[in-house]
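K.L.:
Next comes the structure file input-v2.cif, holding mmCIF, C-alpha atoms and all ligand atoms.
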```cif
data_entry
loop_
_atom_site.label_atom_id
_atom_site.label_comp_id
_atom_site.auth_asym_id
_atom_site.auth_seq_id
_atom_site.Cartn_x
_atom_site.Cartn_y
_atom_site.Cartn_z
CA MET A 1174 82.53 84.45 124.46
CA THR A 1175 86.04 83.62 125.69
CA THR A 1176 87.55 81.71 122.79
CA LEU A 1177 87.20 82.20 119.09
CA THR A 1178 88.39 79.79 116.42
CA LEU A 1179 88.82 81.11 112.89
CA VAL A 1180 89.91 79.65 109.60
CA ARG A 1181 93.56 80.71 109.47
CA PRO A 1182 93.66 84.32 108.20
CA ASP A 1183 95.42 85.79 105.19
CA ASP A 1184 96.74 89.32 104.75
CA TRP A 1185 95.75 90.75 101.36
CA HIS A 1186 98.21 93.68 101.52
CA LEU A 1187 101.57 93.42 103.27
CA HIS A 1188 104.96 95.13 103.14
CA LEU A 1189 107.74 92.70 104.04
CA ARG A 1190 110.64 94.79 102.71
CA ASP A 1191 113.93 92.92 102.17
CA GLY A 1192 117.17 92.01 103.94
CA ALA A 1193 117.47 92.64 107.70
CA MET A 1194 114.06 94.30 107.97
CA MET A 1195 112.30 91.37 106.29
CA GLN A 1196 114.18 88.90 108.49
CA ALA A 1197 112.84 90.66 111.59
CA VAL A 1198 109.23 91.32 110.54
CA LEU A 1199 108.35 88.19 108.55
CA PRO A 1200 107.87 85.89 111.59
CA TRP A 1201 105.29 88.29 113.03
CA THR A 1202 103.11 87.80 109.99
CA ALA A 1203 103.88 84.11 109.44
CA GLN A 1204 102.91 83.18 113.01
CA HIS A 1205 99.29 84.21 112.38
CA PHE A 1206 98.72 84.38 108.63
CA ALA A 1207 98.91 81.55 106.11
CA ARG A 1208 99.36 83.75 103.05
CA ALA A 1209 99.87 87.39 102.18
CA ILE A 1210 99.82 89.55 99.09
CA ILE A 1211 103.36 90.94 99.09
CA MET A 1212 103.80 94.55 98.03
CA PRO A 1213 106.44 95.13 95.35
CA ASN A 1214 107.59 98.64 96.35
CA LEU A 1215 111.18 97.70 97.05
CA VAL A 1216 114.11 99.77 95.84
CA PRO A 1217 114.38 98.94 92.96
CA PRO A 1218 110.76 97.80 92.56
CA VAL A 1219 109.67 94.26 91.70
CA VAL A 1220 108.62 94.84 88.10
CA THR A 1221 109.27 91.60 86.19
CA GLY A 1222 108.37 87.97 86.73
CA THR A 1223 112.06 87.18 87.19
CA GLN A 1224 112.36 89.79 89.94
CA ALA A 1225 109.21 88.47 91.63
CA ALA A 1226 110.55 84.91 91.59
CA ALA A 1227 113.84 86.04 93.15
CA TYR A 1228 111.99 88.06 95.82
CA ARG A 1229 109.78 85.07 96.60
CA ASP A 1230 112.91 82.92 97.09
CA ARG A 1231 114.38 85.51 99.45
CA ILE A 1232 111.16 85.55 101.50
CA LEU A 1233 111.08 81.77 101.76
CA SER A 1234 114.76 81.72 102.78
CA ALA A 1235 114.05 84.26 105.54
CA LEU A 1236 111.20 82.16 106.94
CA PRO A 1237 112.20 80.54 110.25
CA ASP A 1238 112.28 76.72 110.27
CA GLY A 1239 108.96 75.17 111.07
CA MET A 1240 106.86 78.17 109.97
CA ASP A 1241 104.44 77.75 107.12
CA PHE A 1242 103.73 80.80 105.02
CA GLU A 1243 102.95 81.36 101.35
CA PRO A 1244 103.93 84.70 99.85
CA LEU A 1245 101.52 85.69 97.07
CA MET A 1246 103.62 87.76 94.73
CA THR A 1247 102.72 90.97 92.90
CA LEU A 1248 104.31 92.99 90.14
CA TYR A 1249 104.82 96.74 90.29
CA LEU A 1250 103.12 98.34 87.30
CA THR A 1251 105.23 100.84 85.35
CA GLU A 1252 104.57 102.56 82.06
CA ASP A 1253 107.13 100.14 80.55
CA THR A 1254 105.61 96.95 81.94
CA ASP A 1255 105.55 94.17 79.35
CA ALA A 1256 102.09 92.56 79.08
CA ASP A 1257 103.61 89.24 77.93
CA ASP A 1258 105.86 89.08 80.98
CA VAL A 1259 102.88 89.78 83.24
CA ALA A 1260 100.81 87.08 81.52
CA ALA A 1261 103.63 84.53 81.79
CA ALA A 1262 104.18 85.30 85.50
CA HIS A 1263 100.45 84.81 86.06
CA ALA A 1264 100.24 81.63 83.99
CA SER A 1265 103.09 80.04 85.95
CA GLY A 1266 101.15 80.66 89.18
CA LEU A 1267 103.87 82.94 90.56
CA VAL A 1268 102.01 86.24 90.47
CA LYS A 1269 98.57 86.82 91.96
CA ALA A 1270 98.12 90.55 91.28
CA VAL A 1271 99.64 93.65 89.73
CA LYS A 1272 100.06 96.76 91.86
CA LEU A 1273 99.24 100.22 90.58
CA TYR A 1274 100.93 103.13 92.31
CA PRO A 1275 100.24 106.58 90.91
CA ALA A 1276 103.76 108.01 90.57
CA GLY A 1277 104.68 109.94 93.69
CA ALA A 1278 101.67 108.83 95.75
CA THR A 1279 103.58 107.04 98.50
CA THR A 1280 106.77 105.24 99.63
CA ASN A 1281 108.86 104.09 96.67
CA SER A 1282 106.23 104.96 94.10
CA ALA A 1283 108.50 107.02 91.84
CA SER A 1284 108.43 104.30 89.16
CA GLY A 1285 104.63 104.21 89.19
CA VAL A 1286 102.17 105.48 86.62
CA THR A 1287 101.75 109.08 85.51
CA ASN A 1288 99.94 108.63 82.21
CA PHE A 1289 97.29 105.95 82.63
CA ASP A 1290 96.86 105.59 78.86
CA ASN A 1291 100.33 104.05 78.76
CA VAL A 1292 99.28 101.07 80.87
CA ARG A 1293 96.05 100.39 78.98
CA PRO A 1294 97.43 97.39 77.02
CA VAL A 1295 98.61 95.72 80.23
CA LEU A 1296 95.26 96.34 81.94
CA GLU A 1297 93.39 94.90 78.96
CA ARG A 1298 95.56 91.80 79.05
CA MET A 1299 94.94 91.45 82.79
CA ALA A 1300 91.18 91.66 82.21
CA GLU A 1301 91.48 88.87 79.61
CA ILE A 1302 93.44 86.55 81.88
CA GLY A 1303 91.60 87.42 85.12
CA LEU A 1304 94.61 88.86 86.96
CA PRO A 1305 93.56 91.40 89.62
CA LEU A 1306 94.85 94.97 89.78
CA CYS A 1307 95.57 96.24 93.30
CA VAL A 1308 95.21 99.99 93.36
CA HIS A 1309 96.73 102.62 95.62
CA GLY A 1310 93.84 105.03 95.15
CA GLU A 1311 95.12 108.56 95.58
CA VAL A 1312 95.70 111.32 93.09
CA THR A 1313 99.00 113.14 93.47
CA ASP A 1314 98.04 116.61 92.18
CA SER A 1315 99.53 119.24 94.46
CA ASP A 1316 96.35 121.31 94.25
CA ILE A 1317 94.22 118.48 95.69
CA ASP A 1318 94.02 118.46 99.45
CA ILE A 1319 95.61 115.31 100.87
CA PHE A 1320 92.38 114.44 102.69
CA ASP A 1321 90.47 114.51 99.36
CA ARG A 1322 92.93 112.55 97.27
CA GLU A 1323 91.17 109.19 97.58
CA ALA A 1324 87.72 110.53 96.69
CA VAL A 1325 89.11 112.46 93.71
CA PHE A 1326 91.03 109.38 92.51
CA ILE A 1327 87.83 107.34 92.45
CA ASP A 1328 86.09 109.88 90.21
CA ARG A 1329 88.95 110.89 87.97
CA ILE A 1330 91.02 107.73 87.60
CA LEU A 1331 89.51 104.56 89.03
CA ASP A 1332 86.02 104.73 87.63
CA PRO A 1333 87.19 105.72 84.12
CA ILE A 1334 89.76 102.87 84.12
CA ARG A 1335 87.12 100.34 85.15
CA ARG A 1336 84.63 101.58 82.54
CA ALA A 1337 87.29 101.43 79.85
CA THR A 1338 88.43 97.94 80.85
CA PRO A 1339 85.38 95.72 81.29
CA GLY A 1340 86.08 92.58 83.27
CA LEU A 1341 89.18 93.97 84.99
CA ARG A 1342 89.23 92.72 88.58
CA VAL A 1343 90.23 95.54 90.88
CA VAL A 1344 91.06 95.75 94.56
CA MET A 1345 90.67 99.21 96.06
CA GLU A 1346 93.40 98.98 98.64
CA HIS A 1347 93.43 100.34 102.18
CA ILE A 1348 90.26 102.37 101.72
CA THR A 1349 89.93 105.31 104.10
CA THR A 1350 86.71 107.14 103.22
CA SER A 1351 82.95 106.68 103.15
CA ASN A 1352 83.28 107.69 99.48
CA ALA A 1353 85.28 104.52 98.84
CA VAL A 1354 82.85 102.39 100.85
CA ASP A 1355 79.91 103.82 98.89
CA TYR A 1356 81.67 103.32 95.56
CA ALA A 1357 82.55 99.72 96.43
CA HIS A 1358 78.95 99.04 97.43
CA ALA A 1359 77.66 100.21 94.08
CA GLN A 1360 79.84 97.85 92.00
CA ASP A 1361 79.58 94.22 90.91
CA ASP A 1362 81.81 91.45 92.24
CA SER A 1363 84.72 92.37 89.99
CA LEU A 1364 85.56 94.99 92.64
CA GLY A 1365 86.93 94.24 96.10
CA ALA A 1366 88.26 96.56 98.79
CA THR A 1367 90.79 95.96 101.54
CA ILE A 1368 90.65 97.70 104.90
CA THR A 1369 93.59 98.02 107.28
CA THR A 1370 93.56 97.42 111.00
CA HIS A 1371 94.76 100.92 111.83
CA HIS A 1372 92.11 102.70 109.76
CA LEU A 1373 89.45 100.94 111.86
CA VAL A 1374 90.99 102.43 115.00
CA ILE A 1375 92.36 105.91 114.29
CA ASN A 1376 91.04 109.08 112.73
CA ARG A 1377 93.03 112.18 111.83
CA ASN A 1378 92.80 113.57 115.36
CA HIS A 1379 94.92 110.68 116.56
CA ILE A 1380 97.69 111.91 114.27
CA LEU A 1381 97.41 115.62 114.83
CA ALA A 1382 95.58 116.62 118.02
CA GLY A 1383 97.66 117.25 121.13
CA GLY A 1384 100.99 116.89 119.36
CA ILE A 1385 102.02 115.16 116.14
CA LYS A 1386 102.19 111.35 116.31
CA PRO A 1387 104.44 110.14 113.50
CA HIS A 1388 103.69 106.48 114.23
CA TYR A 1389 100.06 107.09 113.18
CA TYR A 1390 101.07 108.65 109.88
CA CYS A 1391 100.40 106.40 106.92
CA LEU A 1392 99.10 106.75 103.39
CA PRO A 1393 96.34 107.16 102.56
CA VAL A 1394 96.26 109.27 105.70
CA ALA A 1395 93.49 108.56 108.24
CA LYS A 1396 90.47 110.83 107.70
CA ARG A 1397 87.62 112.25 109.81
CA GLU A 1398 85.78 110.14 112.37
CA GLU A 1399 82.75 109.74 110.09
CA HIS A 1400 85.00 107.94 107.60
CA ARG A 1401 86.46 105.65 110.26
CA LEU A 1402 82.91 104.70 111.25
CA ALA A 1403 82.01 103.94 107.63
CA LEU A 1404 85.06 101.66 107.42
CA ARG A 1405 84.08 99.92 110.66
CA ALA A 1406 80.57 99.32 109.32
CA ALA A 1407 81.98 97.93 106.06
CA ALA A 1408 84.54 95.63 107.72
CA THR A 1409 82.11 94.28 110.31
CA SER A 1410 79.30 93.80 107.78
CA GLY A 1411 80.77 90.49 106.62
CA GLU A 1412 80.05 91.54 103.03
CA ALA A 1413 82.13 89.63 100.52
CA ARG A 1414 83.65 92.70 98.87
CA PHE A 1415 85.49 93.82 102.02
CA PHE A 1416 88.52 91.96 103.37
CA LEU A 1417 91.62 92.46 105.48
CA GLY A 1418 94.73 93.98 103.98
CA THR A 1419 96.80 95.20 106.92
CA ASP A 1420 99.19 97.37 104.92
CA SER A 1421 101.56 96.59 107.78
CA ALA A 1422 104.45 98.82 106.68
CA PRO A 1423 107.51 98.71 108.91
CA HIS A 1424 109.91 101.64 109.02
CA THR A 1425 112.65 102.07 111.61
CA ASP A 1426 111.92 104.65 114.28
CA ALA A 1427 114.84 106.63 112.87
CA ASN A 1428 112.99 106.89 109.56
CA LYS A 1429 109.61 107.66 111.15
CA LEU A 1430 110.86 110.34 113.55
CA LEU A 1431 112.27 112.79 111.04
CA PRO A 1432 111.34 116.26 109.82
CA CYS A 1433 110.03 114.37 106.77
CA GLY A 1434 109.13 110.98 108.21
CA CYS A 1435 108.02 107.86 106.35
CA ALA A 1436 104.39 106.79 106.02
CA GLY A 1437 103.38 103.44 107.47
CA CYS A 1438 101.98 101.67 110.53
CA PHE A 1439 103.48 98.35 111.64
CA THR A 1440 100.50 96.22 112.66
CA ALA A 1441 101.60 92.66 111.91
CA PRO A 1442 102.19 91.69 115.57
CA ASN A 1443 98.86 92.87 117.00
CA THR A 1444 96.41 92.94 114.10
CA LEU A 1445 94.38 89.93 115.20
CA PRO A 1446 93.98 91.01 118.85
CA ILE A 1447 92.95 94.49 117.69
CA LEU A 1448 90.48 93.16 115.15
CA ALA A 1449 88.88 90.79 117.63
CA GLN A 1450 88.31 93.71 119.98
CA VAL A 1451 86.97 95.98 117.23
CA PHE A 1452 84.54 93.34 115.99
CA GLU A 1453 83.48 92.48 119.53
CA GLU A 1454 82.84 96.13 120.38
CA ASP A 1455 80.65 96.38 117.29
CA GLY A 1456 78.77 93.17 118.16
CA ALA A 1457 80.14 91.47 115.07
CA LEU A 1458 82.52 88.73 116.25
CA ASP A 1459 80.56 86.34 114.04
CA LYS A 1460 81.69 88.38 110.99
CA LEU A 1461 85.41 88.43 111.83
CA GLU A 1462 86.20 85.20 110.00
CA ALA A 1463 84.62 86.46 106.79
CA PHE A 1464 86.80 89.57 106.95
CA THR A 1465 90.09 87.86 107.87
CA SER A 1466 89.81 84.45 106.26
CA LYS A 1467 87.02 83.96 103.71
CA ASN A 1468 86.25 87.03 101.62
CA GLY A 1469 89.81 87.52 100.38
CA PRO A 1470 90.30 83.99 99.06
CA ALA A 1471 86.88 84.16 97.39
CA PHE A 1472 87.84 87.35 95.55
CA TYR A 1473 91.19 85.92 94.44
CA GLY A 1474 89.68 82.55 93.46
CA LEU A 1475 91.79 80.69 96.01
CA PRO A 1476 90.69 78.06 98.54
CA ILE A 1477 90.29 79.11 102.14
CA ASN A 1478 93.03 77.79 104.42
CA ASN A 1479 92.53 74.33 105.85
CA SER A 1480 94.02 75.14 109.23
CA ALA A 1481 92.61 77.25 112.06
CA ILE A 1482 93.71 79.78 114.62
CA THR A 1483 92.25 80.26 118.10
CA LEU A 1484 92.00 83.51 120.01
CA SER A 1485 91.25 83.57 123.71
CA LYS A 1486 90.08 86.39 125.87
CA SER A 1487 93.11 87.38 127.86
CA ALA A 1488 95.59 90.24 127.53
CA PRO A 1489 98.30 89.43 124.97
CA ASP A 1490 101.97 89.74 125.74
CA LEU A 1491 103.19 91.90 122.87
CA PRO A 1492 106.30 94.02 122.42
CA THR A 1493 106.10 97.78 121.87
CA HIS A 1494 109.03 97.52 119.45
CA VAL A 1495 110.52 94.88 117.20
CA ASP A 1496 114.30 95.02 116.94
CA THR A 1497 115.90 94.79 113.54
CA ASP A 1498 119.54 95.06 112.48
CA ASP A 1499 118.54 98.43 110.99
CA GLY A 1500 117.13 99.65 114.34
CA PRO A 1501 113.87 99.34 116.29
CA VAL A 1502 110.45 99.41 114.63
CA THR A 1503 107.53 100.60 116.73
CA VAL A 1504 104.47 98.37 116.82
CA PHE A 1505 101.18 100.20 116.18
CA ASP A 1506 99.60 101.33 119.45
CA PRO A 1507 95.80 101.06 119.19
CA GLY A 1508 95.42 103.35 122.20
CA PHE A 1509 93.50 100.82 124.30
CA ASP A 1510 94.44 97.74 126.30
CA LEU A 1511 94.10 94.62 124.21
CA GLN A 1512 91.87 91.87 125.51
CA TRP A 1513 92.37 89.02 123.04
CA ARG A 1514 95.44 86.92 122.45
CA VAL A 1515 96.24 84.41 119.76
CA ALA A 1516 96.59 81.05 121.46
O1 LIG B 1601 101.59 104.12 104.75
C1 LIG B 1601 102.02 103.54 103.77
N1 LIG B 1601 103.21 102.89 103.77
N2 LIG B 1601 101.30 103.58 102.65
C2 LIG B 1601 101.77 103.10 101.50
O2 LIG B 1601 101.10 103.20 100.51
C3 LIG B 1601 103.14 102.55 101.41
C4 LIG B 1601 103.60 102.06 102.70
C5 LIG B 1601 105.09 101.79 102.74
O3 LIG B 1601 105.60 101.13 101.82
O4 LIG B 1601 105.73 102.21 103.69
ZN ZN B 1602 100.82 99.42 101.27
#
```
Just dump the structure as structure tokens.

P.N.:
Amino acid sequence: MTTLTLVRPDDWHLHLRDGAMMQAVLPWTAQHFARAIIMPNLVPPVVTGTQAAAYRDRILSALPDGMDFEPLMTLYLTEDTDADDVAAAHASGLVKAVKLYPAGATTNSASGVTNFDNVRPVLERMAEIGLPLCVHGEVTDSDIDIFDREAVFIDRILDPIRRATPGLRVVMEHITTSNAVDYAHAQDDSLGATITTHHLVINRNHILAGGIKPHYYCLPVAKREEHRLALRAAATSGEARFFLGTDSAPHTDANKLLPCGCAGCFTAPNTLPILAQVFEEDGALDKLEAFTSKNGPAFYGLPINNSAITLSKSAPDLPTHVDTDDGPVTVFDPGFDLQWRVA
């Protein structure tokens, strides 16, 4: 096969940031993706409907002329979140999900949740109105090994929340373990799971063997090879519960290459070429469209896009860095020569 036409993809988990960084990274997503679920972990976080509306306006103002892109806004769940404000932001069509960060789990998560009982009323309201909860699934306990934090979160936090809140629609975001794949498989269609591009390509050796590679450090951190293979099998299965959320998370090189560097891989520019190659290698090119363009809209109750994108089999011309007014941002290096380009 030398060309591949897909319903235009969406990204169900994206960090656009704000200001100069957003200005520089937004076109890389908008050139390939029709819509994206926009993460609210700004400083300060996007907590209220009013803040989400203002952020949406800033995104649309940063969009270059002639580009079509719909930001799907989210609210950052805090222990003070007002259920009425969430319901109103949902009813107006502005907000498509609420994001749960365990406090301290990742970048700008300090305002997240420590005591899950305190967000119960909001979660119950979300279950009533059908508003999905996007979950960063890692415990933050210092005595839990970082490579076990996702599996422990599923047992200790996620499953109890779902049992206590029947009907709550939940997206397990950026899953990184076979434990998460197995859990997702065992649930009904109120549960979805996103998988990133980078977690299909790297395991923990890529980060740590032969010298530390800060550009491969993200959260949840990549795990053992057996987990990467479980993610590959899930993504390429075409099953409705699994869909693309790149978690493309730009940080300047200056902020990545520090004694305490930031977590995040910037994959917006090359996600589609990488995915085409991954799916082709696994003999699953016929499942790529489900993963990038159909399963996500079905979970969120949105129509699939009515435009298409074509990939052709030739090496893409992609930058290694994207320049921003804050400094360069390194594009994720999959470690192999790419063979597909977006026409
Ligand atoms: O690697 C990550 N980067 N994981 C997250 O959960 C947050 C993100 C960011 O905002 O940089
Ligand atoms: Zn993220």

K.L.:
Using all atoms listed in the file, which protein or nucleic acid residues come within 12 Å of A:Asn1378? Drop anything in the same chain fewer than 5 positions from it, and give the result as a VMD selection string.

P.N.:
chain A and resid 1383 to 1386 1389 to 1390 1394 to 1399 1401

K.L.:
Using all atoms listed in the file, which protein or nucleic acid residues are at most 6 Å from ligand LIG 1601 (chain B), as a PyMOL selection string?

P.N.:
chain A and resi 1279-1280+1391-1392+1422+1436-1437

K.L.:
Counting only C-alpha atoms and all ligand atoms, name the residues that have an atom within 7 Å of an atom of ligand ZN 1602 (chain B); the answer should be given as a ChimeraX atom specification.

P.N.:
/A:1186-1188,1212,1420,1422

K.L.:
Taking into account all atoms listed in the file, which residue in the set A:Lys1272, A:His1371, A:Lys1486, A:His1400 is nearest to A:Gln1450?

P.N.:
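Answer, going by the shortest atom-to-atom distance: A:Lys1486.
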
K.L.:
Just want the 12 Å neighbourhood of A:Pro1333, counted on all atoms listed in the file, with same-chain residues fewer than 6 positions away dropped. Output as a ChimeraX atom specification.

P.N.:
/A:1289-1290,1293,1325-1327,1339,1341

K.L.:
For stretch 1463-1474 of chain A, which lacks atoms in the input, supply all heavy atoms and format the output as a PDB file, in the frame of the given file.

P.N.:
```pdb
ATOM      1  N   ALA A1463      84.843  86.072 108.188  1.00  0.00           N
ATOM      2  CA  ALA A1463      84.620  86.460 106.790  1.00  0.00           C
ATOM      3  C   ALA A1463      85.656  87.498 106.382  1.00  0.00           C
ATOM      4  O   ALA A1463      86.262  87.428 105.305  1.00  0.00           O
ATOM      5  CB  ALA A1463      83.204  87.024 106.611  1.00  0.00           C
ATOM      6  N   PHE A1464      85.895  88.457 107.259  1.00  0.00           N
ATOM      7  CA  PHE A1464      86.800  89.570 106.950  1.00  0.00           C
ATOM      8  C   PHE A1464      88.259  89.103 106.869  1.00  0.00           C
ATOM      9  O   PHE A1464      89.008  89.511 105.990  1.00  0.00           O
ATOM     10  CB  PHE A1464      86.640  90.645 108.026  1.00  0.00           C
ATOM     11  CG  PHE A1464      87.451  91.890 107.793  1.00  0.00           C
ATOM     12  CD1 PHE A1464      87.187  92.710 106.700  1.00  0.00           C
ATOM     13  CD2 PHE A1464      88.467  92.261 108.670  1.00  0.00           C
ATOM     14  CE1 PHE A1464      87.927  93.879 106.481  1.00  0.00           C
ATOM     15  CE2 PHE A1464      89.205  93.422 108.456  1.00  0.00           C
ATOM     16  CZ  PHE A1464      88.935  94.225 107.366  1.00  0.00           C
ATOM     17  N   THR A1465      88.671  88.241 107.802  1.00  0.00           N
ATOM     18  CA  THR A1465      90.090  87.860 107.870  1.00  0.00           C
ATOM     19  C   THR A1465      90.433  86.637 107.025  1.00  0.00           C
ATOM     20  O   THR A1465      91.593  86.466 106.654  1.00  0.00           O
ATOM     21  CB  THR A1465      90.523  87.535 109.312  1.00  0.00           C
ATOM     22  OG1 THR A1465      89.729  86.437 109.800  1.00  0.00           O
ATOM     23  CG2 THR A1465      90.361  88.730 110.235  1.00  0.00           C
ATOM     24  N   SER A1466      89.444  85.780 106.748  1.00  0.00           N
ATOM     25  CA  SER A1466      89.810  84.450 106.260  1.00  0.00           C
ATOM     26  C   SER A1466      88.995  83.929 105.076  1.00  0.00           C
ATOM     27  O   SER A1466      89.397  82.930 104.476  1.00  0.00           O
ATOM     28  CB  SER A1466      89.660  83.429 107.398  1.00  0.00           C
ATOM     29  OG  SER A1466      90.178  83.931 108.607  1.00  0.00           O
ATOM     30  N   LYS A1467      87.868  84.542 104.756  1.00  0.00           N
ATOM     31  CA  LYS A1467      87.020  83.960 103.710  1.00  0.00           C
ATOM     32  C   LYS A1467      86.809  84.867 102.502  1.00  0.00           C
ATOM     33  O   LYS A1467      86.820  84.395 101.366  1.00  0.00           O
ATOM     34  CB  LYS A1467      85.655  83.577 104.303  1.00  0.00           C
ATOM     35  CG  LYS A1467      85.761  82.397 105.259  1.00  0.00           C
ATOM     36  CD  LYS A1467      84.399  81.914 105.708  1.00  0.00           C
ATOM     37  CE  LYS A1467      84.523  80.539 106.371  1.00  0.00           C
ATOM     38  NZ  LYS A1467      83.263  80.141 107.014  1.00  0.00           N
ATOM     39  N   ASN A1468      86.584  86.144 102.749  1.00  0.00           N
ATOM     40  CA  ASN A1468      86.250  87.030 101.620  1.00  0.00           C
ATOM     41  C   ASN A1468      87.418  87.235 100.676  1.00  0.00           C
ATOM     42  O   ASN A1468      87.227  87.337  99.455  1.00  0.00           O
ATOM     43  CB  ASN A1468      85.758  88.389 102.147  1.00  0.00           C
ATOM     44  CG  ASN A1468      84.463  88.271 102.927  1.00  0.00           C
ATOM     45  OD1 ASN A1468      83.801  87.229 102.893  1.00  0.00           O
ATOM     46  ND2 ASN A1468      84.097  89.328 103.632  1.00  0.00           N
ATOM     47  N   GLY A1469      88.623  87.316 101.215  1.00  0.00           N
ATOM     48  CA  GLY A1469      89.810  87.520 100.380  1.00  0.00           C
ATOM     49  C   GLY A1469      90.046  86.354  99.429  1.00  0.00           C
ATOM     50  O   GLY A1469      90.166  86.560  98.219  1.00  0.00           O
ATOM     51  N   PRO A1470      90.119  85.126  99.970  1.00  0.00           N
ATOM     52  CA  PRO A1470      90.300  83.990  99.060  1.00  0.00           C
ATOM     53  C   PRO A1470      89.202  83.916  97.997  1.00  0.00           C
ATOM     54  O   PRO A1470      89.483  83.597  96.836  1.00  0.00           O
ATOM     55  CB  PRO A1470      90.220  82.763  99.993  1.00  0.00           C
ATOM     56  CG  PRO A1470      90.583  83.289 101.340  1.00  0.00           C
ATOM     57  CD  PRO A1470      90.160  84.731 101.378  1.00  0.00           C
ATOM     58  N   ALA A1471      87.974  84.223  98.384  1.00  0.00           N
ATOM     59  CA  ALA A1471      86.880  84.160  97.390  1.00  0.00           C
ATOM     60  C   ALA A1471      87.139  85.154  96.270  1.00  0.00           C
ATOM     61  O   ALA A1471      86.979  84.826  95.087  1.00  0.00           O
ATOM     62  CB  ALA A1471      85.542  84.440  98.070  1.00  0.00           C
ATOM     63  N   PHE A1472      87.581  86.362  96.604  1.00  0.00           N
ATOM     64  CA  PHE A1472      87.840  87.350  95.550  1.00  0.00           C
ATOM     65  C   PHE A1472      88.967  86.878  94.641  1.00  0.00           C
ATOM     66  O   PHE A1472      88.906  87.022  93.420  1.00  0.00           O
ATOM     67  CB  PHE A1472      88.189  88.726  96.148  1.00  0.00           C
ATOM     68  CG  PHE A1472      88.427  89.753  95.079  1.00  0.00           C
ATOM     69  CD1 PHE A1472      87.375  90.483  94.550  1.00  0.00           C
ATOM     70  CD2 PHE A1472      89.702  89.945  94.544  1.00  0.00           C
ATOM     71  CE1 PHE A1472      87.582  91.392  93.517  1.00  0.00           C
ATOM     72  CE2 PHE A1472      89.922  90.852  93.509  1.00  0.00           C
ATOM     73  CZ  PHE A1472      88.859  91.577  93.002  1.00  0.00           C
ATOM     74  N   TYR A1473      90.010  86.330  95.229  1.00  0.00           N
ATOM     75  CA  TYR A1473      91.190  85.920  94.440  1.00  0.00           C
ATOM     76  C   TYR A1473      91.038  84.532  93.817  1.00  0.00           C
ATOM     77  O   TYR A1473      91.947  84.067  93.137  1.00  0.00           O
ATOM     78  CB  TYR A1473      92.444  85.960  95.322  1.00  0.00           C
ATOM     79  CG  TYR A1473      93.049  87.352  95.423  1.00  0.00           C
ATOM     80  CD1 TYR A1473      92.682  88.224  96.441  1.00  0.00           C
ATOM     81  CD2 TYR A1473      93.969  87.802  94.488  1.00  0.00           C
ATOM     82  CE1 TYR A1473      93.225  89.500  96.535  1.00  0.00           C
ATOM     83  CE2 TYR A1473      94.521  89.076  94.561  1.00  0.00           C
ATOM     84  CZ  TYR A1473      94.149  89.920  95.579  1.00  0.00           C
ATOM     85  OH  TYR A1473      94.695  91.183  95.662  1.00  0.00           O
ATOM     86  N   GLY A1474      89.896  83.874  94.062  1.00  0.00           N
ATOM     87  CA  GLY A1474      89.680  82.550  93.460  1.00  0.00           C
ATOM     88  C   GLY A1474      90.585  81.501  94.056  1.00  0.00           C
ATOM     89  O   GLY A1474      90.989  80.550  93.372  1.00  0.00           O
TER      90      GLY A1474
END
```
